[in-house]
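Below you'll find the structure, written out as C-alpha cells, and then a few comments.
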Amino acid sequence: MNLGAILTAMVTPFDADGRVDEEASVRLLHHLLDNGSDGVVVCGTTGEAATLDDHEHLGFIELVVGEVRASYPGKSVVAGVGSNDTRHAVKLTEKATALGPDALLSVNPYYNRPSRRGVIAHFEAVDAATDLPIVLYNIPQRTGSDMPNDLLAELAQLEHVTAVKQANAENAAKVDGLQIYAGNDDLLATVLDMGEPGGILTGSHVFGNEFRRMVDEPELRHEIDASLADVYRDMAIAPGACSCKAALNLIGVEVGGPRLPYVALDESEITLIRALLERHGLLQQATSA
C-alpha cells in the first residue's frame, strides 16, 4: 500500500446554513493537494464525522473520490468508516468501499470500550466487509482505550489491515505487519526517522509545504520540526477542526465554521492563530495572492 507520506485529515466545509458546502470542499481539496499533501483522509475526527449523517458522510466521500480521480490521479483518498456500533461500522465500510477510495480508516470502538476480544471481533467484522486496505486508528485520548502494539500486531493478521494511524506517542514503534502513520503532527519526524511512510496530519491544512519538506529534506528534518513547534502548540488551542477552519479562513480558503458541539474560535483564540500565521509568513502570502 502506498498512500503517500503527507495525508491531511481534511475538514468538512459547511455553508452559512450549516450544510456541507461542496464547492468549498473542492476548492479546499485543490489547496491541500497543491500544497504538500499526497492525499486526504475524509470523514475522520477533523472532518467532524460524528456530526455527519450517513447521507452526508457517504456523499462527501463520493465527492472527494470523484474530484481526486478527475484532477489528481496520482493522489490518494482514505475514507473514514469508524463507529462504536459494529453494525454501523460494517455498513459504512461496505458503502464506502463501493465508492472507490484507496483505503479506509477505522477506529476502535469508543465510549463502549470493549474488551480485547471485543476489539478483535469488531475488526474481524469490518475486515470481512471490504477488499480495500484498512488503516487502524489508535487514539486513546478520544476512544478511552489504547490498542497496544501487541494487539495491533494481532490485528495485522487480518487480511486487509495494513497500517495504523498512531496517535499515542508511547506506542511509537514498529509493529509487525503494519505501516505506521503519525497520528499527531509532532510525531511526524519520529515516524519518518523509523523508516515508516509518514503522517495523517491536521496542521498540513495550512503548513503542508513545511511538512512536505520534512519528507523531502531528511537532512533538515529535525530543524524543520523544531521550527514548527509553535504550530504544534498554537493549533492545539482548540479542537483540530475548529483551529484548522479558523486558520484556513484567515488565509482566504473559506471553509465556514464547525458544527455543534464544536464552536468557532473566540477573539483571543483567533488572535493567537493570526499571530502564528503572521510569524510563518502565511498572511502576507494570502494578501498578495
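Letters A, B, ... mark the chains of the C-alpha cells in the order given; residue numbers begin at 1 per chain; ligand numbers begin at 1, in order shown.
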
Just the residues within 9 Å of region 146-160 of chain A, please, counting only C-alpha atoms, with nothing from its chain fewer than 3 positions along; format it as a tab-separated table (two decimals) with all heavy atoms, in the first residue's frame.
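around-v3.tsv written:
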```
chain	number	residue	atom	x	y	z
A	108	ASN	N	-10.95	2.04	16.73
A	108	ASN	CA	-11.52	1.05	17.65
A	108	ASN	C	-12.72	1.65	18.36
A	108	ASN	O	-12.80	2.88	18.54
A	108	ASN	CB	-10.48	0.57	18.66
A	108	ASN	CG	-9.87	1.68	19.48
A	108	ASN	OD1	-9.36	2.64	18.93
A	108	ASN	ND2	-9.89	1.54	20.80
A	116	ARG	N	-10.52	-6.75	24.85
A	116	ARG	CA	-9.62	-7.09	23.74
A	116	ARG	C	-10.31	-8.02	22.74
A	116	ARG	O	-10.23	-7.82	21.53
A	116	ARG	CB	-8.35	-7.73	24.30
A	116	ARG	CG	-7.28	-8.05	23.24
A	116	ARG	CD	-6.09	-8.74	23.88
A	116	ARG	NE	-5.06	-9.07	22.91
A	116	ARG	CZ	-3.88	-8.46	22.82
A	116	ARG	NH1	-3.59	-7.47	23.63
A	116	ARG	NH2	-2.99	-8.85	21.92
A	119	VAL	N	-12.67	-6.00	20.66
A	119	VAL	CA	-11.99	-5.19	19.63
A	119	VAL	C	-11.63	-6.07	18.44
A	119	VAL	O	-11.84	-5.70	17.28
A	119	VAL	CB	-10.73	-4.52	20.22
A	119	VAL	CG1	-9.90	-3.87	19.11
A	119	VAL	CG2	-11.12	-3.48	21.26
A	120	ILE	N	-11.10	-7.25	18.72
A	120	ILE	CA	-10.72	-8.17	17.64
A	120	ILE	C	-11.96	-8.58	16.84
A	120	ILE	O	-11.95	-8.56	15.59
A	120	ILE	CB	-9.99	-9.40	18.20
A	120	ILE	CG1	-8.63	-8.98	18.79
A	120	ILE	CG2	-9.80	-10.46	17.12
A	120	ILE	CD1	-7.93	-10.06	19.59
A	123	PHE	N	-13.10	-5.74	14.52
A	123	PHE	CA	-12.31	-5.56	13.30
A	123	PHE	C	-12.39	-6.77	12.38
A	123	PHE	O	-12.22	-6.61	11.16
A	123	PHE	CB	-10.87	-5.19	13.65
A	123	PHE	CG	-10.70	-3.75	14.04
A	123	PHE	CD1	-10.29	-3.41	15.32
A	123	PHE	CD2	-11.00	-2.74	13.16
A	123	PHE	CE1	-10.15	-2.08	15.69
A	123	PHE	CE2	-10.87	-1.40	13.51
A	123	PHE	CZ	-10.44	-1.08	14.78
A	124	GLU	N	-12.66	-7.94	12.91
A	124	GLU	CA	-12.91	-9.09	12.03
A	124	GLU	C	-14.14	-8.83	11.16
A	124	GLU	O	-14.14	-9.13	9.96
A	124	GLU	CB	-13.10	-10.35	12.86
A	124	GLU	CG	-11.81	-10.91	13.46
A	124	GLU	CD	-12.05	-12.09	14.38
A	124	GLU	OE1	-13.20	-12.25	14.87
A	124	GLU	OE2	-11.09	-12.84	14.63
A	127	ASP	N	-13.19	-6.11	8.60
A	127	ASP	CA	-12.29	-6.68	7.61
A	127	ASP	C	-13.05	-7.51	6.58
A	127	ASP	O	-12.74	-7.48	5.38
A	127	ASP	CB	-11.24	-7.54	8.31
A	127	ASP	CG	-10.18	-8.05	7.37
A	127	ASP	OD1	-9.29	-7.27	6.99
A	127	ASP	OD2	-10.24	-9.25	6.99
A	128	ALA	N	-14.07	-8.21	7.03
A	128	ALA	CA	-14.85	-9.07	6.14
A	128	ALA	C	-15.76	-8.27	5.21
A	128	ALA	O	-16.29	-8.82	4.24
A	128	ALA	CB	-15.68	-10.06	6.95
A	130	THR	N	-14.92	-5.59	3.35
A	130	THR	CA	-14.24	-4.80	2.32
A	130	THR	C	-13.13	-5.60	1.68
A	130	THR	O	-12.64	-6.60	2.25
A	130	THR	CB	-13.67	-3.51	2.91
A	130	THR	OG1	-13.17	-2.67	1.86
A	130	THR	CG2	-12.55	-3.79	3.91
A	131	ASP	N	-12.71	-5.16	0.50
A	131	ASP	CA	-11.49	-5.69	-0.10
A	131	ASP	C	-10.43	-4.59	-0.21
A	131	ASP	O	-9.40	-4.77	-0.86
A	131	ASP	CB	-11.78	-6.28	-1.48
A	131	ASP	CG	-12.42	-5.29	-2.45
A	131	ASP	OD1	-12.63	-4.12	-2.06
A	131	ASP	OD2	-12.71	-5.69	-3.59
A	132	LEU	N	-10.67	-3.45	0.44
A	132	LEU	CA	-9.72	-2.34	0.45
A	132	LEU	C	-8.78	-2.44	1.64
A	132	LEU	O	-9.11	-3.03	2.67
A	132	LEU	CB	-10.47	-1.01	0.52
A	132	LEU	CG	-11.29	-0.60	-0.70
A	132	LEU	CD1	-12.04	0.70	-0.41
A	132	LEU	CD2	-10.41	-0.45	-1.93
A	133	PRO	N	-7.60	-1.82	1.53
A	133	PRO	CA	-6.72	-1.75	2.70
A	133	PRO	C	-7.39	-0.98	3.84
A	133	PRO	O	-8.09	0.02	3.60
A	133	PRO	CB	-5.49	-0.98	2.17
A	133	PRO	CG	-5.55	-1.12	0.69
A	133	PRO	CD	-7.00	-1.19	0.34
A	134	ILE	N	-7.16	-1.44	5.06
A	134	ILE	CA	-7.71	-0.80	6.25
A	134	ILE	C	-6.56	-0.21	7.06
A	134	ILE	O	-5.59	-0.89	7.37
A	134	ILE	CB	-8.49	-1.81	7.11
A	134	ILE	CG1	-9.72	-2.34	6.35
A	134	ILE	CG2	-8.92	-1.18	8.44
A	134	ILE	CD1	-10.42	-3.48	7.05
A	135	VAL	N	-6.70	1.07	7.40
A	135	VAL	CA	-5.79	1.74	8.32
A	135	VAL	C	-6.49	1.81	9.67
A	135	VAL	O	-7.55	2.44	9.80
A	135	VAL	CB	-5.44	3.16	7.82
A	135	VAL	CG1	-4.47	3.84	8.79
A	135	VAL	CG2	-4.88	3.12	6.41
A	136	LEU	N	-5.94	1.14	10.67
A	136	LEU	CA	-6.48	1.24	12.01
A	136	LEU	C	-6.17	2.63	12.56
A	136	LEU	O	-5.25	3.31	12.09
A	136	LEU	CB	-5.86	0.17	12.92
A	136	LEU	CG	-5.99	-1.28	12.46
A	136	LEU	CD1	-5.20	-2.19	13.40
A	136	LEU	CD2	-7.45	-1.70	12.41
A	137	TYR	N	-6.92	3.03	13.59
A	137	TYR	CA	-6.70	4.34	14.20
A	137	TYR	C	-6.66	4.17	15.70
A	137	TYR	O	-7.67	3.78	16.31
A	137	TYR	CB	-7.83	5.29	13.78
A	137	TYR	CG	-7.67	6.74	14.21
A	137	TYR	CD1	-6.47	7.23	14.72
A	137	TYR	CD2	-8.73	7.63	14.07
A	137	TYR	CE1	-6.34	8.56	15.08
A	137	TYR	CE2	-8.61	8.96	14.44
A	137	TYR	CZ	-7.41	9.42	14.94
A	137	TYR	OH	-7.30	10.73	15.31
A	138	ASN	N	-5.49	4.42	16.27
A	138	ASN	CA	-5.33	4.31	17.72
A	138	ASN	C	-5.19	5.69	18.33
A	138	ASN	O	-4.17	6.36	18.17
A	138	ASN	CB	-4.09	3.48	18.08
A	138	ASN	CG	-4.01	3.22	19.57
A	138	ASN	OD1	-5.01	2.92	20.21
A	138	ASN	ND2	-2.81	3.33	20.14
A	139	ILE	N	-6.24	6.14	19.01
A	139	ILE	CA	-6.24	7.47	19.62
A	139	ILE	C	-6.92	7.38	20.98
A	139	ILE	O	-8.10	7.75	21.15
A	139	ILE	CB	-6.89	8.52	18.68
A	139	ILE	CG1	-6.84	9.92	19.31
A	139	ILE	CG2	-8.28	8.10	18.25
A	139	ILE	CD1	-7.11	11.06	18.36
A	140	PRO	N	-6.21	6.85	21.97
A	140	PRO	CA	-6.84	6.59	23.27
A	140	PRO	C	-7.39	7.82	23.97
A	140	PRO	O	-8.32	7.70	24.77
A	140	PRO	CB	-5.71	5.93	24.09
A	140	PRO	CG	-4.45	6.30	23.38
A	140	PRO	CD	-4.81	6.42	21.94
A	141	GLN	N	-6.86	9.00	23.65
A	141	GLN	CA	-7.38	10.21	24.29
A	141	GLN	C	-8.81	10.50	23.84
A	141	GLN	O	-9.53	11.25	24.51
A	141	GLN	CB	-6.47	11.41	24.01
A	141	GLN	CG	-6.23	11.75	22.55
A	141	GLN	CD	-4.99	11.09	21.97
A	141	GLN	OE1	-4.74	9.92	22.23
A	141	GLN	NE2	-4.21	11.84	21.20
A	143	THR	N	-10.87	7.65	22.34
A	143	THR	CA	-11.64	6.41	22.45
A	143	THR	C	-11.79	5.93	23.89
A	143	THR	O	-12.68	5.14	24.20
A	143	THR	CB	-10.98	5.28	21.65
A	143	THR	OG1	-9.68	5.02	22.18
A	143	THR	CG2	-10.88	5.65	20.18
A	163	ALA	N	-2.13	-0.94	8.03
A	163	ALA	CA	-1.44	0.21	8.61
A	163	ALA	C	-2.19	0.66	9.86
A	163	ALA	O	-3.31	0.21	10.14
A	163	ALA	CB	-1.37	1.37	7.61
A	164	VAL	N	-1.54	1.55	10.61
A	164	VAL	CA	-2.19	2.16	11.77
A	164	VAL	C	-1.84	3.64	11.81
A	164	VAL	O	-0.69	4.03	11.58
A	164	VAL	CB	-1.79	1.47	13.10
A	164	VAL	CG1	-0.28	1.55	13.34
A	164	VAL	CG2	-2.55	2.08	14.28
A	168	ASN	N	-0.80	7.70	19.78
A	168	ASN	CA	-0.27	7.53	21.14
A	168	ASN	C	1.24	7.48	21.04
A	168	ASN	O	1.82	6.47	20.61
A	168	ASN	CB	-0.82	6.25	21.76
A	168	ASN	CG	-0.36	6.06	23.20
A	168	ASN	OD1	0.41	6.87	23.72
A	168	ASN	ND2	-0.81	5.00	23.85
A	171	ASN	N	3.40	4.54	22.07
A	171	ASN	CA	3.38	3.34	21.24
A	171	ASN	C	4.14	3.51	19.93
A	171	ASN	O	4.04	2.65	19.05
A	171	ASN	CB	1.94	2.93	20.90
A	171	ASN	CG	1.15	2.45	22.10
A	171	ASN	OD1	1.62	2.51	23.22
A	171	ASN	ND2	-0.07	1.99	21.87
A	172	ALA	N	4.86	4.60	19.79
A	172	ALA	CA	5.54	4.90	18.52
A	172	ALA	C	6.70	3.94	18.32
A	172	ALA	O	7.84	4.21	18.71
A	172	ALA	CB	6.01	6.34	18.50
A	173	ALA	N	6.41	2.81	17.72
A	173	ALA	CA	7.41	1.78	17.45
A	173	ALA	C	6.91	0.94	16.28
A	173	ALA	O	5.73	0.95	15.94
A	173	ALA	CB	7.62	0.89	18.68
A	174	LYS	N	7.83	0.23	15.64
A	174	LYS	CA	7.45	-0.64	14.54
A	174	LYS	C	6.54	-1.76	15.04
A	174	LYS	O	6.68	-2.23	16.17
A	174	LYS	CB	8.69	-1.22	13.86
A	174	LYS	CG	9.45	-0.19	13.01
A	174	LYS	CD	10.61	-0.84	12.29
A	174	LYS	CE	11.27	0.13	11.32
A	174	LYS	NZ	10.41	0.44	10.16
A	175	VAL	N	5.61	-2.17	14.20
A	175	VAL	CA	4.69	-3.25	14.50
A	175	VAL	C	4.72	-4.22	13.33
A	175	VAL	O	4.52	-3.81	12.18
A	175	VAL	CB	3.25	-2.73	14.73
A	175	VAL	CG1	2.29	-3.90	14.96
A	175	VAL	CG2	3.20	-1.76	15.89
A	176	ASP	N	4.94	-5.49	13.61
A	176	ASP	CA	4.99	-6.49	12.55
A	176	ASP	C	3.71	-6.46	11.73
A	176	ASP	O	2.60	-6.54	12.27
A	176	ASP	CB	5.17	-7.89	13.14
A	176	ASP	CG	6.58	-8.14	13.66
A	176	ASP	OD1	7.48	-7.35	13.31
A	176	ASP	OD2	6.77	-9.11	14.41
A	177	GLY	N	3.86	-6.32	10.42
A	177	GLY	CA	2.72	-6.40	9.52
A	177	GLY	C	2.00	-5.09	9.27
A	177	GLY	O	1.05	-5.07	8.48
A	178	LEU	N	2.44	-3.99	9.90
A	178	LEU	CA	1.73	-2.72	9.74
A	178	LEU	C	2.68	-1.60	9.34
A	178	LEU	O	3.80	-1.50	9.84
A	178	LEU	CB	1.05	-2.30	11.05
A	178	LEU	CG	-0.13	-3.13	11.55
A	178	LEU	CD1	-0.70	-2.48	12.80
A	178	LEU	CD2	-1.21	-3.26	10.48
```

Test item: residues at most 7 Å from region 48-63 of chain A, only C-alpha atoms, excluding those fewer than 5 positions along its chain, as JSON, numbers by chain: {"A": [12, 42, 43, 79, 96, 99]}

Any chance you can output those residues with all heavy atoms as a PDB file, in the first residue's frame?
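Resulting contents of part_8.pdb:
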```pdb
ATOM      1  N   THR A  12     -14.396  19.237   6.957  1.00  0.00           N
ATOM      2  CA  THR A  12     -15.590  19.252   6.104  1.00  0.00           C
ATOM      3  C   THR A  12     -16.152  20.670   6.073  1.00  0.00           C
ATOM      4  O   THR A  12     -16.652  21.159   7.095  1.00  0.00           O
ATOM      5  CB  THR A  12     -16.653  18.285   6.646  1.00  0.00           C
ATOM      6  OG1 THR A  12     -16.101  16.966   6.725  1.00  0.00           O
ATOM      7  CG2 THR A  12     -17.883  18.273   5.749  1.00  0.00           C
ATOM      8  N   VAL A  42     -10.776  11.670   4.657  1.00  0.00           N
ATOM      9  CA  VAL A  42     -12.053  12.368   4.793  1.00  0.00           C
ATOM     10  C   VAL A  42     -12.952  11.645   5.781  1.00  0.00           C
ATOM     11  O   VAL A  42     -12.848  10.440   5.992  1.00  0.00           O
ATOM     12  CB  VAL A  42     -12.769  12.522   3.430  1.00  0.00           C
ATOM     13  CG1 VAL A  42     -11.944  13.385   2.498  1.00  0.00           C
ATOM     14  CG2 VAL A  42     -13.032  11.163   2.786  1.00  0.00           C
ATOM     15  N   CYS A  43     -13.832  12.430   6.393  1.00  0.00           N
ATOM     16  CA  CYS A  43     -14.825  11.902   7.336  1.00  0.00           C
ATOM     17  C   CYS A  43     -14.166  11.215   8.523  1.00  0.00           C
ATOM     18  O   CYS A  43     -14.605  10.147   8.979  1.00  0.00           O
ATOM     19  CB  CYS A  43     -15.802  10.964   6.638  1.00  0.00           C
ATOM     20  SG  CYS A  43     -16.733  11.750   5.309  1.00  0.00           S
ATOM     21  N   ALA A  79     -10.959   6.941   3.316  1.00  0.00           N
ATOM     22  CA  ALA A  79     -12.294   7.259   3.814  1.00  0.00           C
ATOM     23  C   ALA A  79     -12.473   6.752   5.235  1.00  0.00           C
ATOM     24  O   ALA A  79     -12.267   5.569   5.512  1.00  0.00           O
ATOM     25  CB  ALA A  79     -13.353   6.633   2.903  1.00  0.00           C
ATOM     26  N   ALA A  96     -18.829   2.662   1.683  1.00  0.00           N
ATOM     27  CA  ALA A  96     -17.669   3.457   1.290  1.00  0.00           C
ATOM     28  C   ALA A  96     -16.798   2.688   0.312  1.00  0.00           C
ATOM     29  O   ALA A  96     -16.249   3.267  -0.638  1.00  0.00           O
ATOM     30  CB  ALA A  96     -16.858   3.854   2.522  1.00  0.00           C
ATOM     31  N   LEU A  99     -17.588   3.173  -3.226  1.00  0.00           N
ATOM     32  CA  LEU A  99     -17.314   4.495  -3.790  1.00  0.00           C
ATOM     33  C   LEU A  99     -15.883   4.625  -4.308  1.00  0.00           C
ATOM     34  O   LEU A  99     -15.542   5.638  -4.928  1.00  0.00           O
ATOM     35  CB  LEU A  99     -17.599   5.574  -2.741  1.00  0.00           C
ATOM     36  CG  LEU A  99     -19.057   5.628  -2.260  1.00  0.00           C
ATOM     37  CD1 LEU A  99     -19.205   6.638  -1.132  1.00  0.00           C
ATOM     38  CD2 LEU A  99     -20.001   5.967  -3.410  1.00  0.00           C
TER      39      LEU A  99
END
```

Nearest to Met10 (chain A), chosen from A:Ser106, A:Ser76, A:Ser243, A:Thr202, with only C-alpha atoms counted in the distances: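 Closest candidate: A:Thr202.
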
Sel. of helix (DSSP H, G or I) residues, region 26-101 of chain A, as a PyMOL selection string: chain A and resi 26-33+49-51+54-71+86-97

Mind running region 200-270 of chain A against region 18-34 of chain A at 12 Å and telling me each contacting residue's nearest atom pair with the distance in Å (one decimal), counting only C-alpha atoms, chain and number ascending, as JSON lines?
```
{"residue": "A:Leu201", "atom": "CA", "partner": "A:Leu32", "partner_atom": "CA", "distance": 11.5}
{"residue": "A:Thr202", "atom": "CA", "partner": "A:Leu32", "partner_atom": "CA", "distance": 10.9}
{"residue": "A:Gly203", "atom": "CA", "partner": "A:Leu32", "partner_atom": "CA", "distance": 10.9}
{"residue": "A:Ser204", "atom": "CA", "partner": "A:Leu32", "partner_atom": "CA", "distance": 7.7}
{"residue": "A:His205", "atom": "CA", "partner": "A:Leu32", "partner_atom": "CA", "distance": 6.2}
{"residue": "A:Val206", "atom": "CA", "partner": "A:Leu32", "partner_atom": "CA", "distance": 8.1}
{"residue": "A:Phe207", "atom": "CA", "partner": "A:Leu32", "partner_atom": "CA", "distance": 9.6}
{"residue": "A:Gly208", "atom": "CA", "partner": "A:Leu32", "partner_atom": "CA", "distance": 7.3}
{"residue": "A:Asn209", "atom": "CA", "partner": "A:Asp34", "partner_atom": "CA", "distance": 9.1}
{"residue": "A:Phe211", "atom": "CA", "partner": "A:Leu32", "partner_atom": "CA", "distance": 11.9}
{"residue": "A:Arg212", "atom": "CA", "partner": "A:Leu33", "partner_atom": "CA", "distance": 11.2}
{"residue": "A:Cys244", "atom": "CA", "partner": "A:Leu28", "partner_atom": "CA", "distance": 11.7}
{"residue": "A:Lys245", "atom": "CA", "partner": "A:Leu28", "partner_atom": "CA", "distance": 10.6}
{"residue": "A:Leu248", "atom": "CA", "partner": "A:Leu28", "partner_atom": "CA", "distance": 8.9}
{"residue": "A:Asn249", "atom": "CA", "partner": "A:Leu28", "partner_atom": "CA", "distance": 10.6}
{"residue": "A:Ile251", "atom": "CA", "partner": "A:His31", "partner_atom": "CA", "distance": 11.2}
{"residue": "A:Gly252", "atom": "CA", "partner": "A:Leu28", "partner_atom": "CA", "distance": 10.4}
{"residue": "A:Val253", "atom": "CA", "partner": "A:Leu28", "partner_atom": "CA", "distance": 6.6}
{"residue": "A:Glu254", "atom": "CA", "partner": "A:Ala24", "partner_atom": "CA", "distance": 6.7}
{"residue": "A:Val255", "atom": "CA", "partner": "A:Ala24", "partner_atom": "CA", "distance": 6.0}
{"residue": "A:Gly256", "atom": "CA", "partner": "A:Gly18", "partner_atom": "CA", "distance": 8.4}
{"residue": "A:Gly257", "atom": "CA", "partner": "A:Gly18", "partner_atom": "CA", "distance": 8.1}
{"residue": "A:Pro258", "atom": "CA", "partner": "A:Gly18", "partner_atom": "CA", "distance": 8.2}
{"residue": "A:Arg259", "atom": "CA", "partner": "A:Gly18", "partner_atom": "CA", "distance": 7.0}
{"residue": "A:Leu260", "atom": "CA", "partner": "A:Gly18", "partner_atom": "CA", "distance": 9.8}
```

Backbone DSSP call of strand (DSSP E or B) for region 24-256 of chain A, listed as a PyMOL selection string: chain A and resi 39-42+76-80+103-107+134-138+161-166+175+178-182+198-201

Near-Val77 (chain A) list (7 Å; only C-alpha atoms; drop same-chain fewer than 6 positions) as an MDAnalysis selection string: chainID A and resid 39:41 65 101:103
